[in-house]
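Structure below is my_file.cif: mmCIF, C-alpha atoms and all ligand atoms; chains and numbers go by the auth columns.
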```
data_final
#
loop_
_atom_site.group_PDB
_atom_site.id
_atom_site.type_symbol
_atom_site.label_atom_id
_atom_site.label_comp_id
_atom_site.label_asym_id
_atom_site.label_seq_id
_atom_site.Cartn_x
_atom_site.Cartn_y
_atom_site.Cartn_z
_atom_site.B_iso_or_equiv
_atom_site.auth_seq_id
_atom_site.auth_asym_id
ATOM 1 C CA MET A 1 18.789 -33.990 45.389 0.00 21 A
ATOM 2 C CA PRO A 2 17.275 -36.833 43.418 0.00 22 A
ATOM 3 C CA LEU A 3 19.119 -38.058 40.394 0.00 23 A
ATOM 4 C CA SER A 4 17.039 -38.132 37.340 0.00 24 A
ATOM 5 C CA HIS A 5 17.257 -41.012 35.023 0.00 25 A
ATOM 6 C CA PRO A 6 18.842 -39.807 31.807 0.00 26 A
ATOM 7 C CA HIS A 7 16.122 -41.403 29.740 0.00 27 A
ATOM 8 C CA THR A 8 13.448 -39.351 31.439 0.00 28 A
ATOM 9 C CA GLN A 9 15.033 -36.114 30.394 0.00 29 A
ATOM 10 C CA THR A 10 13.180 -35.881 27.184 0.00 30 A
ATOM 11 C CA HIS A 11 12.585 -32.658 25.464 0.00 31 A
ATOM 12 C CA ILE A 12 8.974 -32.048 24.751 0.00 32 A
ATOM 13 C CA THR A 13 8.771 -30.305 21.438 0.00 33 A
ATOM 14 C CA THR A 14 6.040 -27.791 21.058 0.00 34 A
ATOM 15 C CA SER A 15 3.344 -28.999 18.762 0.00 35 A
ATOM 16 C CA THR A 16 3.573 -27.604 15.281 0.00 36 A
ATOM 17 C CA GLN A 17 0.953 -25.106 14.334 0.00 37 A
ATOM 18 C CA ALA A 18 -2.064 -26.757 12.837 0.00 38 A
ATOM 19 C CA THR A 19 -2.274 -25.911 9.163 0.00 39 A
ATOM 20 C CA SER A 20 -5.598 -24.548 8.070 0.00 40 A
ATOM 21 C CA PRO A 21 -7.418 -26.975 5.738 0.00 41 A
ATOM 22 C CA MET A 22 -8.857 -23.954 3.935 0.00 42 A
ATOM 23 C CA ARG A 23 -5.365 -22.607 3.314 0.00 43 A
ATOM 24 C CA ASN A 24 -4.348 -25.965 1.866 0.00 44 A
ATOM 25 C CA LEU A 25 -7.424 -25.979 -0.349 0.00 45 A
ATOM 26 C CA ALA A 26 -6.711 -22.452 -1.575 0.00 46 A
ATOM 27 C CA PHE A 27 -3.147 -23.474 -2.362 0.00 47 A
ATOM 28 C CA VAL A 28 -4.252 -26.504 -4.368 0.00 48 A
ATOM 29 C CA LEU A 29 -6.867 -24.480 -6.262 0.00 49 A
ATOM 30 C CA GLY A 30 -4.252 -21.814 -6.970 0.00 50 A
ATOM 31 C CA LEU A 31 -1.963 -24.446 -8.463 0.00 51 A
ATOM 32 C CA ALA A 32 -4.817 -25.782 -10.563 0.00 52 A
ATOM 33 C CA LEU A 33 -5.637 -22.326 -11.915 0.00 53 A
ATOM 34 C CA VAL A 34 -1.991 -21.599 -12.717 0.00 54 A
ATOM 35 C CA ALA A 35 -1.829 -24.934 -14.531 0.00 55 A
ATOM 36 C CA ALA A 36 -5.060 -24.130 -16.371 0.00 56 A
ATOM 37 C CA CYS A 37 -3.677 -20.843 -17.664 0.00 57 A
ATOM 38 C CA HIS A 38 -0.263 -22.122 -18.653 0.00 58 A
ATOM 39 C CA GLY A 39 0.541 -21.552 -22.298 0.00 59 A
ATOM 40 C CA CYS A 40 -2.890 -20.191 -23.279 0.00 60 A
ATOM 41 C CA PRO A 41 -4.161 -16.607 -23.666 0.00 61 A
ATOM 42 C CA GLU A 42 -5.862 -15.054 -20.665 0.00 62 A
ATOM 43 C CA GLY A 43 -9.369 -16.448 -20.237 0.00 63 A
ATOM 44 C CA TRP A 44 -8.551 -19.616 -22.178 0.00 64 A
ATOM 45 C CA VAL A 45 -8.007 -23.014 -20.598 0.00 65 A
ATOM 46 C CA GLU A 46 -5.504 -25.634 -21.696 0.00 66 A
ATOM 47 C CA VAL A 47 -7.113 -29.010 -22.394 0.00 67 A
ATOM 48 C CA GLU A 48 -4.582 -31.702 -23.220 0.00 68 A
ATOM 49 C CA GLY A 49 -2.251 -29.294 -24.987 0.00 69 A
ATOM 50 C CA THR A 50 -4.930 -27.303 -26.835 0.00 70 A
ATOM 51 C CA CYS A 51 -6.300 -23.924 -25.736 0.00 71 A
ATOM 52 C CA PHE A 52 -10.088 -23.809 -25.309 0.00 72 A
ATOM 53 C CA ASN A 53 -12.290 -20.755 -24.825 0.00 73 A
ATOM 54 C CA LEU A 54 -15.793 -21.222 -23.460 0.00 74 A
ATOM 55 C CA GLU A 55 -17.458 -18.146 -24.925 0.00 75 A
ATOM 56 C CA MET A 56 -19.974 -17.098 -22.283 0.00 76 A
ATOM 57 C CA SER A 57 -20.602 -13.716 -23.961 0.00 77 A
ATOM 58 C CA HIS A 58 -22.005 -15.390 -27.100 0.00 78 A
ATOM 59 C CA ALA A 59 -25.037 -17.637 -27.681 0.00 79 A
ATOM 60 C CA LEU A 60 -25.188 -18.643 -31.336 0.00 80 A
ATOM 61 C CA ASP A 61 -26.577 -21.306 -33.637 0.00 81 A
ATOM 62 C CA TRP A 62 -24.012 -23.996 -34.451 0.00 82 A
ATOM 63 C CA THR A 63 -22.965 -22.609 -37.871 0.00 83 A
ATOM 64 C CA SER A 64 -22.532 -19.081 -36.482 0.00 84 A
ATOM 65 C CA ALA A 65 -20.634 -20.503 -33.516 0.00 85 A
ATOM 66 C CA ARG A 66 -18.238 -22.211 -35.913 0.00 86 A
ATOM 67 C CA THR A 67 -17.786 -18.993 -37.936 0.00 87 A
ATOM 68 C CA HIS A 68 -17.173 -17.095 -34.695 0.00 88 A
ATOM 69 C CA CYS A 69 -14.326 -19.457 -33.788 0.00 89 A
ATOM 70 C CA GLN A 70 -12.881 -19.385 -37.314 0.00 90 A
ATOM 71 C CA ASP A 71 -12.919 -15.567 -37.281 0.00 91 A
ATOM 72 C CA GLN A 72 -10.470 -15.790 -34.381 0.00 92 A
ATOM 73 C CA GLY A 73 -8.217 -18.143 -36.334 0.00 93 A
ATOM 74 C CA GLY A 74 -9.562 -21.211 -34.544 0.00 94 A
ATOM 75 C CA GLU A 75 -12.275 -23.814 -34.856 0.00 95 A
ATOM 76 C CA LEU A 76 -15.097 -25.242 -32.789 0.00 96 A
ATOM 77 C CA ALA A 77 -13.510 -27.498 -30.182 0.00 97 A
ATOM 78 C CA THR A 78 -12.724 -31.160 -30.689 0.00 98 A
ATOM 79 C CA ILE A 79 -12.987 -33.421 -27.620 0.00 99 A
ATOM 80 C CA LYS A 80 -11.560 -36.845 -28.393 0.00 100 A
ATOM 81 C CA THR A 81 -10.686 -38.201 -24.951 0.00 101 A
ATOM 82 C CA ALA A 82 -12.590 -38.890 -21.739 0.00 102 A
ATOM 83 C CA THR A 83 -9.900 -36.888 -19.925 0.00 103 A
ATOM 84 C CA GLY A 84 -10.504 -33.896 -22.176 0.00 104 A
ATOM 85 C CA LEU A 85 -14.266 -34.080 -21.613 0.00 105 A
ATOM 86 C CA ARG A 86 -13.661 -34.372 -17.866 0.00 106 A
ATOM 87 C CA MET A 87 -11.390 -31.291 -17.899 0.00 107 A
ATOM 88 C CA VAL A 88 -14.031 -29.206 -19.704 0.00 108 A
ATOM 89 C CA TYR A 89 -16.677 -30.442 -17.241 0.00 109 A
ATOM 90 C CA GLU A 90 -14.460 -29.515 -14.262 0.00 110 A
ATOM 91 C CA TYR A 91 -13.845 -26.065 -15.754 0.00 111 A
ATOM 92 C CA ILE A 92 -17.599 -25.471 -16.246 0.00 112 A
ATOM 93 C CA LYS A 93 -18.290 -26.536 -12.659 0.00 113 A
ATOM 94 C CA THR A 94 -15.344 -24.619 -11.147 0.00 114 A
ATOM 95 C CA TYR A 95 -16.495 -21.356 -12.700 0.00 115 A
ATOM 96 C CA ALA A 96 -20.225 -22.173 -12.314 0.00 116 A
ATOM 97 C CA LEU A 97 -20.843 -21.550 -16.034 0.00 117 A
ATOM 98 C CA GLU A 98 -24.449 -21.930 -17.178 0.00 118 A
ATOM 99 C CA GLY A 99 -26.021 -23.081 -20.414 0.00 119 A
ATOM 100 C CA SER A 100 -25.146 -25.678 -23.019 0.00 120 A
ATOM 101 C CA PHE A 101 -22.156 -25.467 -25.386 0.00 121 A
ATOM 102 C CA TRP A 102 -21.495 -26.204 -29.045 0.00 122 A
ATOM 103 C CA VAL A 103 -18.458 -28.268 -29.982 0.00 123 A
ATOM 104 C CA GLY A 104 -17.213 -29.157 -33.441 0.00 124 A
ATOM 105 C CA GLY A 105 -19.033 -32.403 -34.187 0.00 125 A
ATOM 106 C CA SER A 106 -21.692 -32.871 -36.886 0.00 126 A
ATOM 107 C CA ASP A 107 -23.615 -35.542 -38.782 0.00 127 A
ATOM 108 C CA GLU A 108 -25.082 -32.979 -41.174 0.00 128 A
ATOM 109 C CA ARG A 109 -23.446 -34.508 -44.245 0.00 129 A
ATOM 110 C CA VAL A 110 -24.377 -38.159 -43.693 0.00 130 A
ATOM 111 C CA GLU A 111 -27.029 -38.873 -41.064 0.00 131 A
ATOM 112 C CA GLY A 112 -25.571 -40.939 -38.219 0.00 132 A
ATOM 113 C CA ASP A 113 -21.944 -40.508 -39.346 0.00 133 A
ATOM 114 C CA TRP A 114 -20.547 -38.151 -36.720 0.00 134 A
ATOM 115 C CA LEU A 115 -17.380 -36.314 -37.705 0.00 135 A
ATOM 116 C CA TRP A 116 -15.189 -33.705 -36.039 0.00 136 A
ATOM 117 C CA VAL A 117 -15.291 -30.815 -38.510 0.00 137 A
ATOM 118 C CA ASN A 118 -11.714 -29.820 -37.705 0.00 138 A
ATOM 119 C CA ASP A 119 -10.062 -32.914 -39.210 0.00 139 A
ATOM 120 C CA GLU A 120 -13.017 -35.046 -40.393 0.00 140 A
ATOM 121 C CA SER A 121 -12.087 -37.812 -37.947 0.00 141 A
ATOM 122 C CA ARG A 122 -14.918 -39.905 -36.488 0.00 142 A
ATOM 123 C CA VAL A 123 -16.538 -38.903 -33.215 0.00 143 A
ATOM 124 C CA SER A 124 -16.303 -41.770 -30.705 0.00 144 A
ATOM 125 C CA MET A 125 -19.758 -43.169 -30.016 0.00 145 A
ATOM 126 C CA GLY A 126 -21.290 -44.483 -26.784 0.00 146 A
ATOM 127 C CA THR A 127 -19.985 -44.228 -23.230 0.00 147 A
ATOM 128 C CA PRO A 128 -18.213 -42.280 -21.779 0.00 148 A
ATOM 129 C CA PHE A 129 -18.925 -39.475 -24.236 0.00 149 A
ATOM 130 C CA TRP A 130 -22.614 -39.531 -25.131 0.00 150 A
ATOM 131 C CA ALA A 131 -25.443 -38.881 -22.686 0.00 151 A
ATOM 132 C CA LEU A 132 -27.998 -41.528 -21.843 0.00 152 A
ATOM 133 C CA HIS A 133 -31.648 -41.123 -22.676 0.00 153 A
ATOM 134 C CA ASN A 134 -34.636 -43.228 -21.734 0.00 154 A
ATOM 135 C CA SER A 135 -36.288 -44.852 -24.746 0.00 155 A
ATOM 136 C CA ILE A 136 -38.822 -47.605 -25.264 0.00 156 A
ATOM 137 C CA PHE A 137 -35.824 -49.964 -25.368 0.00 157 A
ATOM 138 C CA GLY A 138 -34.595 -48.743 -21.973 0.00 158 A
ATOM 139 C CA TYR A 139 -31.598 -46.503 -21.439 0.00 159 A
ATOM 140 C CA GLN A 140 -29.563 -45.902 -24.570 0.00 160 A
ATOM 141 C CA ASN A 141 -26.847 -43.472 -25.529 0.00 161 A
ATOM 142 C CA GLU A 142 -27.547 -40.370 -27.555 0.00 162 A
ATOM 143 C CA PRO A 143 -27.609 -39.494 -30.420 0.00 163 A
ATOM 144 C CA SER A 144 -31.333 -40.013 -30.834 0.00 164 A
ATOM 145 C CA GLY A 145 -32.475 -37.007 -32.878 0.00 165 A
ATOM 146 C CA GLY A 146 -32.089 -38.466 -36.361 0.00 166 A
ATOM 147 C CA SER A 147 -32.088 -35.912 -39.151 0.00 167 A
ATOM 148 C CA ASP A 148 -33.670 -33.294 -36.847 0.00 168 A
ATOM 149 C CA GLU A 149 -30.527 -33.085 -34.700 0.00 169 A
ATOM 150 C CA ASN A 150 -27.196 -32.857 -36.522 0.00 170 A
ATOM 151 C CA CYS A 151 -24.956 -30.772 -34.249 0.00 171 A
ATOM 152 C CA LEU A 152 -22.944 -31.806 -31.209 0.00 172 A
ATOM 153 C CA ALA A 153 -23.613 -30.105 -27.878 0.00 173 A
ATOM 154 C CA LEU A 154 -22.335 -30.458 -24.346 0.00 174 A
ATOM 155 C CA ASP A 155 -25.786 -30.521 -22.830 0.00 175 A
ATOM 156 C CA GLU A 156 -26.267 -28.703 -19.526 0.00 176 A
ATOM 157 C CA SER A 157 -29.301 -30.883 -18.695 0.00 177 A
ATOM 158 C CA ARG A 158 -27.240 -34.051 -19.307 0.00 178 A
ATOM 159 C CA MET A 159 -24.245 -33.307 -17.083 0.00 179 A
ATOM 160 C CA TYR A 160 -22.427 -31.928 -20.182 0.00 180 A
ATOM 161 C CA PHE A 161 -22.212 -35.280 -21.908 0.00 181 A
ATOM 162 C CA PHE A 162 -22.587 -35.249 -25.705 0.00 182 A
ATOM 163 C CA ASN A 163 -26.061 -34.802 -27.159 0.00 183 A
ATOM 164 C CA ASP A 164 -27.156 -34.307 -30.759 0.00 184 A
ATOM 165 C CA GLU A 165 -29.201 -31.132 -30.935 0.00 185 A
ATOM 166 C CA ASP A 166 -31.077 -28.955 -33.395 0.00 186 A
ATOM 167 C CA CYS A 167 -28.320 -26.845 -34.998 0.00 187 A
ATOM 168 C CA ASP A 168 -30.481 -23.700 -34.734 0.00 188 A
ATOM 169 C CA LYS A 169 -30.401 -23.693 -30.924 0.00 189 A
ATOM 170 C CA LEU A 170 -28.425 -20.856 -29.388 0.00 190 A
ATOM 171 C CA TYR A 171 -25.558 -22.183 -27.285 0.00 191 A
ATOM 172 C CA HIS A 172 -22.171 -20.897 -26.160 0.00 192 A
ATOM 173 C CA PRO A 173 -19.350 -21.804 -28.552 0.00 193 A
ATOM 174 C CA ILE A 174 -16.318 -23.647 -27.241 0.00 194 A
ATOM 175 C CA CYS A 175 -13.529 -22.485 -29.537 0.00 195 A
ATOM 176 C CA MET A 176 -10.072 -24.037 -29.728 0.00 196 A
ATOM 177 C CA GLN A 177 -6.770 -22.710 -30.964 0.00 197 A
HETATM 178 CA CA CA B . -28.442 -36.424 -36.967 0.00 201 B
HETATM 179 CA CA CA B . -30.478 -35.634 -28.954 0.00 202 B
#
```

Please, can you express the file's structure as structure tokens?
Ligand SMILES: [Ca+2]
Ligand SMILES: [Ca+2]
Amino acid sequence: MPLSHPHTQTHITTSTQATSPMRNLAFVLGLALVAACHGCPEGWVEVEGTCFNLEMSHALDWTSARTHCQDQGGELATIKTATGLRMVYEYIKTYALEGSFWVGGSDERVEGDWLWVNDESRVSMGTPFWALHNSIFGYQNEPSGGSDENCLALDESRMYFFNDEDCDKLYHPICMQ
């Protein structure tokens, strides 16, 4: 009877069950959705501590969109950080929402002086907020509409970056509370 070397008596452990990548993905998405809903009413999404509602059932001109939000005790949304804009973009893409959105920025009072209507603070200009457009001077940031475009939209055709638009266009309000 041959003696076996003690070091050869290794126990082969059975390989652990391969975890499904799809299951992992579902788990991560589930966490993200739970996080998105935390602290906000159902159907609203938390963006940097504020609850936003992207109102897909309404398409209104900017002034009516603002009134609609105020009627719910809120205001058209303010987006002051790149992170906040990114979160709204991710939400739009995650839920495959279509159309452009009104947010609470305006230069109606003084052309070119963009203010958030909620607190009258200045809207940050340039990248990374405002969309690019091709002009005779090459690519430049919006706004480019002058006195014809005085309301702030997240423009579907511009990857949801900021664009000044004609306030009479009918877009979905993004309300905040
Ligand atoms: Ca303007
Ligand atoms: Ca424009």

Worksheet item: Pick the closest to Ser141 (chain A) from A:Asn154, A:Ser177, A:Asn73, A:Thr98: which is it, counting all atoms listed in the file?
Response: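 Among A:Asn154, A:Ser177, A:Asn73, A:Thr98, it is A:Thr98 that comes nearest to Ser141 (chain A).
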
Fill in: Nearest residue to Leu135 (chain A) from the set A:Met107, A:Leu172, A:Gln92, A:Gly63 (distances using all atoms listed in the file)
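The shortest atom-to-atom distance to Leu135 (chain A) comes from A:Leu172.
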
Contact table chain A vs ligand CA 201 (chain B), cut-off 9 Å, shortest pair per residue, all atoms listed in the file, as CSV:
```
residue,atom,partner,partner_atom,distance
A:Ser126,CA,B:CA201,CA,7.6
A:Asp127,CA,B:CA201,CA,5.2
A:Glu128,CA,B:CA201,CA,6.4
A:Val130,CA,B:CA201,CA,8.0
A:Glu131,CA,B:CA201,CA,5.0
A:Gly132,CA,B:CA201,CA,5.5
A:Asp133,CA,B:CA201,CA,8.0
A:Trp134,CA,B:CA201,CA,8.1
A:Pro163,CA,B:CA201,CA,7.3
A:Ser164,CA,B:CA201,CA,7.7
A:Gly165,CA,B:CA201,CA,5.8
A:Gly166,CA,B:CA201,CA,4.2
A:Ser167,CA,B:CA201,CA,4.3
A:Asp168,CA,B:CA201,CA,6.1
A:Glu169,CA,B:CA201,CA,4.5
A:Asn170,CA,B:CA201,CA,3.8
A:Cys171,CA,B:CA201,CA,7.2
A:Asp184,CA,B:CA201,CA,6.7
A:Glu185,CA,B:CA201,CA,8.1
A:Asp186,CA,B:CA201,CA,8.7
```

Discussion item. I need the output of the PyMOL selection byres (((chain A and resi 189) around 10) and not hetatm) for this file as a ChimeraX atom specification; which residues are they?
Written reply: /A:79-82,120,122,171,173,185-188,190-192

Discussion item. So that I can see what lies close to Tyr180 (chain A), please list as a list in words the residues with an atom at most 10 Å from it, counting all atoms listed in the file and leaving out residues fewer than 2 positions away in the same chain.
Written reply: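 Counting all atoms listed in the file, the residues come to Leu105, Arg106, Val108, Tyr109, Ile112, Gly119, Ser120, Phe121, Phe149, Trp150, Ala151, Ala173, Leu174, Asp175, Glu176, Ser177, Arg178, Phe182 and Asn183 of chain A.
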
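Near (-6.4, -30.9, -24.2), the residues inside the 10 Å limit, counting only C-alpha atoms, come to Val65, Glu66, Val67, Glu68, Gly69, Thr70, Cys71, Phe72, Ala97, Thr98, Ile99, Lys100, Thr101, Thr103, Gly104, Leu105, Met107, Val108 and Met196 of chain A.
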
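Pairwise distance (CA of Gln90 (chain A), CA of Thr147 (chain A)) equals 29.4 Å.
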
Item to complete: State, in Å with one decimal place, the distance from CA of Asn138 (chain A) to CA of Gly124 (chain A).
Response: 7.0 Å

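Counting only C-alpha atoms, the residue from A:His88, A:Arg142, A:His78, A:His153 that sits nearest to Gly125 (chain A) is A:Arg142.
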
Worksheet item: Hey, can you check how far CA of Thr114 (chain A) sits from CA of Ser77 (chain A)?
Response: 17.6 Å

Worksheet item: With all atoms listed in the file as the basis for distance, which of A:Glu95, A:Gln160, A:Glu75, A:Cys89 is at the shortest distance from ligand CA 202 (chain B)?
Response: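 Using all atoms listed in the file, the shortest distance to ligand CA 202 (chain B) belongs to A:Gln160.
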